[in-house]
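Novice: Structure: query-v4.cif, mmCIF, C-alpha atoms.
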```
data_target
#
loop_
_atom_site.group_PDB
_atom_site.id
_atom_site.type_symbol
_atom_site.label_atom_id
_atom_site.label_comp_id
_atom_site.auth_asym_id
_atom_site.auth_seq_id
_atom_site.Cartn_x
_atom_site.Cartn_y
_atom_site.Cartn_z
ATOM 1 C CA THR M 20 215.606 -38.688 -78.857
ATOM 2 C CA TRP M 21 213.014 -38.868 -81.602
ATOM 3 C CA ALA M 22 209.295 -38.587 -80.898
ATOM 4 C CA SER M 23 206.320 -39.141 -83.168
ATOM 5 C CA VAL M 24 204.163 -36.075 -83.875
ATOM 6 C CA ALA M 25 200.569 -36.485 -85.087
ATOM 7 C CA THR M 26 199.692 -34.365 -88.139
ATOM 8 C CA ALA M 27 196.435 -35.919 -89.434
ATOM 9 C CA ILE M 28 198.073 -35.972 -92.891
ATOM 10 C CA THR M 29 197.637 -39.270 -94.715
ATOM 11 C CA THR M 30 199.627 -38.448 -97.871
ATOM 12 C CA ASN M 31 203.404 -38.447 -98.278
ATOM 13 C CA LEU M 32 205.311 -35.448 -96.980
ATOM 14 C CA LYS M 33 208.432 -34.843 -99.060
ATOM 15 C CA LYS M 34 210.417 -31.853 -97.819
ATOM 16 C CA LEU M 35 210.824 -29.761 -94.688
ATOM 17 C CA ALA M 36 212.311 -26.280 -94.355
ATOM 18 C CA ALA M 37 213.163 -24.224 -91.272
ATOM 19 C CA SER M 38 212.929 -20.446 -91.184
ATOM 20 C CA PRO M 39 216.341 -18.743 -91.141
ATOM 21 C CA ILE M 40 214.828 -15.916 -89.059
ATOM 22 C CA ASP M 41 213.030 -18.026 -86.440
ATOM 23 C CA ASN M 42 214.097 -21.671 -86.174
ATOM 24 C CA ARG M 43 210.840 -22.526 -84.376
ATOM 25 C CA ILE M 44 208.999 -22.138 -87.714
ATOM 26 C CA LEU M 45 208.944 -25.255 -89.906
ATOM 27 C CA VAL M 46 207.095 -25.801 -93.187
ATOM 28 C CA ALA M 47 206.642 -29.237 -94.793
ATOM 29 C CA VAL M 48 205.131 -30.070 -98.189
ATOM 30 C CA GLY M 49 203.922 -33.214 -99.900
ATOM 31 C CA ASP M 50 201.516 -34.943 -102.237
ATOM 32 C CA GLN M 51 198.046 -33.614 -103.084
ATOM 33 C CA ALA M 52 198.897 -29.994 -102.146
ATOM 34 C CA ARG M 53 199.575 -30.950 -98.550
ATOM 35 C CA MET M 54 201.382 -28.360 -96.498
ATOM 36 C CA ILE M 55 201.823 -28.219 -92.743
ATOM 37 C CA ARG M 56 203.443 -25.554 -90.574
ATOM 38 C CA SER M 57 204.799 -25.495 -87.045
ATOM 39 C CA ILE M 58 205.540 -22.394 -84.985
ATOM 40 C CA ASN M 59 206.892 -24.331 -81.994
ATOM 41 C CA SER M 60 209.868 -26.302 -83.352
ATOM 42 C CA GLY M 61 207.690 -29.222 -84.462
ATOM 43 C CA THR M 62 205.829 -29.868 -81.224
ATOM 44 C CA SER M 63 202.599 -29.486 -83.218
ATOM 45 C CA PHE M 64 201.648 -28.759 -86.831
ATOM 46 C CA THR M 65 198.746 -26.973 -88.529
ATOM 47 C CA SER M 66 197.489 -27.816 -92.021
ATOM 48 C CA ILE M 67 197.701 -24.975 -94.537
ATOM 49 C CA ASN M 68 194.771 -24.607 -96.954
ATOM 50 C CA LEU M 69 196.066 -24.051 -100.497
ATOM 51 C CA GLY M 70 192.615 -23.876 -102.059
ATOM 52 C CA ALA M 71 189.699 -26.222 -102.544
ATOM 53 C CA GLY M 72 190.324 -28.695 -105.323
ATOM 54 C CA ASN M 73 194.071 -28.123 -105.412
ATOM 55 C CA ILE M 74 195.611 -31.588 -105.699
ATOM 56 C CA ARG M 75 199.035 -30.713 -107.177
ATOM 57 C CA ASN M 76 201.929 -32.561 -105.607
ATOM 58 C CA LEU M 77 204.427 -30.275 -103.875
ATOM 59 C CA ASN M 78 208.019 -31.473 -104.183
ATOM 60 C CA GLN M 79 210.260 -28.795 -102.666
ATOM 61 C CA VAL M 80 210.097 -26.028 -100.086
ATOM 62 C CA GLY M 81 212.741 -23.527 -99.087
ATOM 63 C CA PHE M 82 213.328 -20.175 -97.454
ATOM 64 C CA ILE M 83 215.381 -17.381 -98.997
ATOM 65 C CA PRO M 84 218.347 -16.879 -96.625
ATOM 66 C CA ALA M 85 217.932 -14.201 -93.932
ATOM 67 C CA THR M 86 214.273 -13.544 -94.874
ATOM 68 C CA ASN M 87 210.731 -14.652 -94.045
ATOM 69 C CA THR M 88 210.125 -15.473 -97.733
ATOM 70 C CA VAL M 89 209.454 -19.127 -98.511
ATOM 71 C CA PHE M 90 208.703 -20.813 -101.837
ATOM 72 C CA ALA M 91 207.075 -24.164 -102.559
ATOM 73 C CA PHE M 92 207.447 -25.899 -105.906
ATOM 74 C CA GLY M 93 205.428 -28.691 -107.384
ATOM 75 C CA GLN M 94 203.753 -30.570 -110.152
ATOM 76 C CA ASN M 95 203.376 -29.020 -113.620
ATOM 77 C CA GLY M 96 205.471 -25.959 -112.747
ATOM 78 C CA TYR M 97 203.312 -24.953 -109.773
ATOM 79 C CA ILE M 98 205.073 -22.314 -107.628
ATOM 80 C CA ILE M 99 203.653 -20.521 -104.599
ATOM 81 C CA SER M 100 205.271 -18.130 -102.154
ATOM 82 C CA SER M 101 204.781 -16.538 -98.780
ATOM 83 C CA THR M 102 206.466 -13.428 -97.396
ATOM 84 C CA ASN M 103 205.501 -14.121 -93.771
ATOM 85 C CA SER M 104 207.103 -17.521 -93.085
ATOM 86 C CA GLY M 105 204.130 -19.451 -94.436
ATOM 87 C CA THR M 106 201.285 -17.812 -92.537
ATOM 88 C CA ASN M 107 199.647 -16.721 -95.811
ATOM 89 C CA TRP M 108 200.212 -18.068 -99.330
#
```
Take the structure from the file and write it as structure tokens.
Specialist:
Amino acid sequence: TWASVATAITTNLKKLAASPIDNRILVAVGDQARMIRSINSGTSFTSINLGAGNIRNLNQVGFIPATNTVFAFGQNGYIISSTNSGTNW
């Protein structure tokens, strides 16, 4: 059964990745530097602040297998990473 989850995000979200270490952790990315993260299998999401004025579109997100390292890729070659499953970028 599918259920709607409120995120307060009004821009498009493009990709979702699940942590290979802890499948309760989800990270989604989208337009205008939007990133959200869940630590409870998608029951709720928290917005991640990627810096004031950052409006780059994020197009991809993915975890390195068997690690807590996650990368997000976006507009104009923008790449960011986290080594703690998206807690800090």
Novice: Closest to Ile67 of chain M among M:Ala37, M:Met54, M:Ile98, M:Val80, using all atoms listed in the file?
Specialist: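 For Ile67 of chain M, the nearest of the candidates is M:Met54.
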Novice: Can you turn the PyMOL selection byres ((chain M and resi 92) around 9) into a concrete residue list for this file, as a PyMOL selection string?
Specialist: chain M and resi 76-81+90-91+93-94+96-100
Novice: For the residues in that selection, give me C-alpha atoms as an mmCIF file, in the coordinates of the input.
Specialist:
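Writing done, so here's part.cif:
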```
data_model
loop_
_atom_site.group_PDB
_atom_site.id
_atom_site.type_symbol
_atom_site.label_atom_id
_atom_site.label_comp_id
_atom_site.auth_asym_id
_atom_site.auth_seq_id
_atom_site.Cartn_x
_atom_site.Cartn_y
_atom_site.Cartn_z
ATOM 1 C CA ASN M 76 201.929 -32.561 -105.607
ATOM 2 C CA LEU M 77 204.427 -30.275 -103.875
ATOM 3 C CA ASN M 78 208.019 -31.473 -104.183
ATOM 4 C CA GLN M 79 210.260 -28.795 -102.666
ATOM 5 C CA VAL M 80 210.097 -26.028 -100.086
ATOM 6 C CA GLY M 81 212.741 -23.527 -99.087
ATOM 7 C CA PHE M 90 208.703 -20.813 -101.837
ATOM 8 C CA ALA M 91 207.075 -24.164 -102.559
ATOM 9 C CA GLY M 93 205.428 -28.691 -107.384
ATOM 10 C CA GLN M 94 203.753 -30.570 -110.152
ATOM 11 C CA GLY M 96 205.471 -25.959 -112.747
ATOM 12 C CA TYR M 97 203.312 -24.953 -109.773
ATOM 13 C CA ILE M 98 205.073 -22.314 -107.628
ATOM 14 C CA ILE M 99 203.653 -20.521 -104.599
ATOM 15 C CA SER M 100 205.271 -18.130 -102.154
#
```
Novice: If the PyMOL selection byres ((chain M and resi 74) around 6) were run on this exact file, what residues would it hold? Put them as a list in words.
Specialist: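 What the PyMOL selection byres ((chain M and resi 74) around 6) grabs from the file is Gln51, Ala52, Asn73 and Arg75 of chain M.
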Novice: I'd like the contact shell of Val89 of chain M - 8 Å cut-off, only C-alpha atoms, skipping same-chain residues fewer than 6 positions apart - returned as a compact mmCIF listing (two decimals) with C-alpha atoms, keeping the file's coordinate frame.
Specialist:
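This is the output file selection.txt:
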```txt
# COMPACT_ATOMS: atom_id res chain seq x y z
CA VAL M 80 210.10 -26.03 -100.09
CA GLY M 81 212.74 -23.53 -99.09
CA PHE M 82 213.33 -20.18 -97.45
CA ILE M 83 215.38 -17.38 -99.00
CA SER M 100 205.27 -18.13 -102.15
CA SER M 101 204.78 -16.54 -98.78
CA THR M 102 206.47 -13.43 -97.40
CA ASN M 103 205.50 -14.12 -93.77
CA SER M 104 207.10 -17.52 -93.08
CA GLY M 105 204.13 -19.45 -94.44
```
Novice: Rounded to one decimal in Å, what is the spacing between atom CA of Lys34 of chain M and atom CA of Arg56 of chain M?
Specialist: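 Taking atom CA of Lys34 of chain M as the start and atom CA of Arg56 of chain M as the end point, the length is 11.9 Å.
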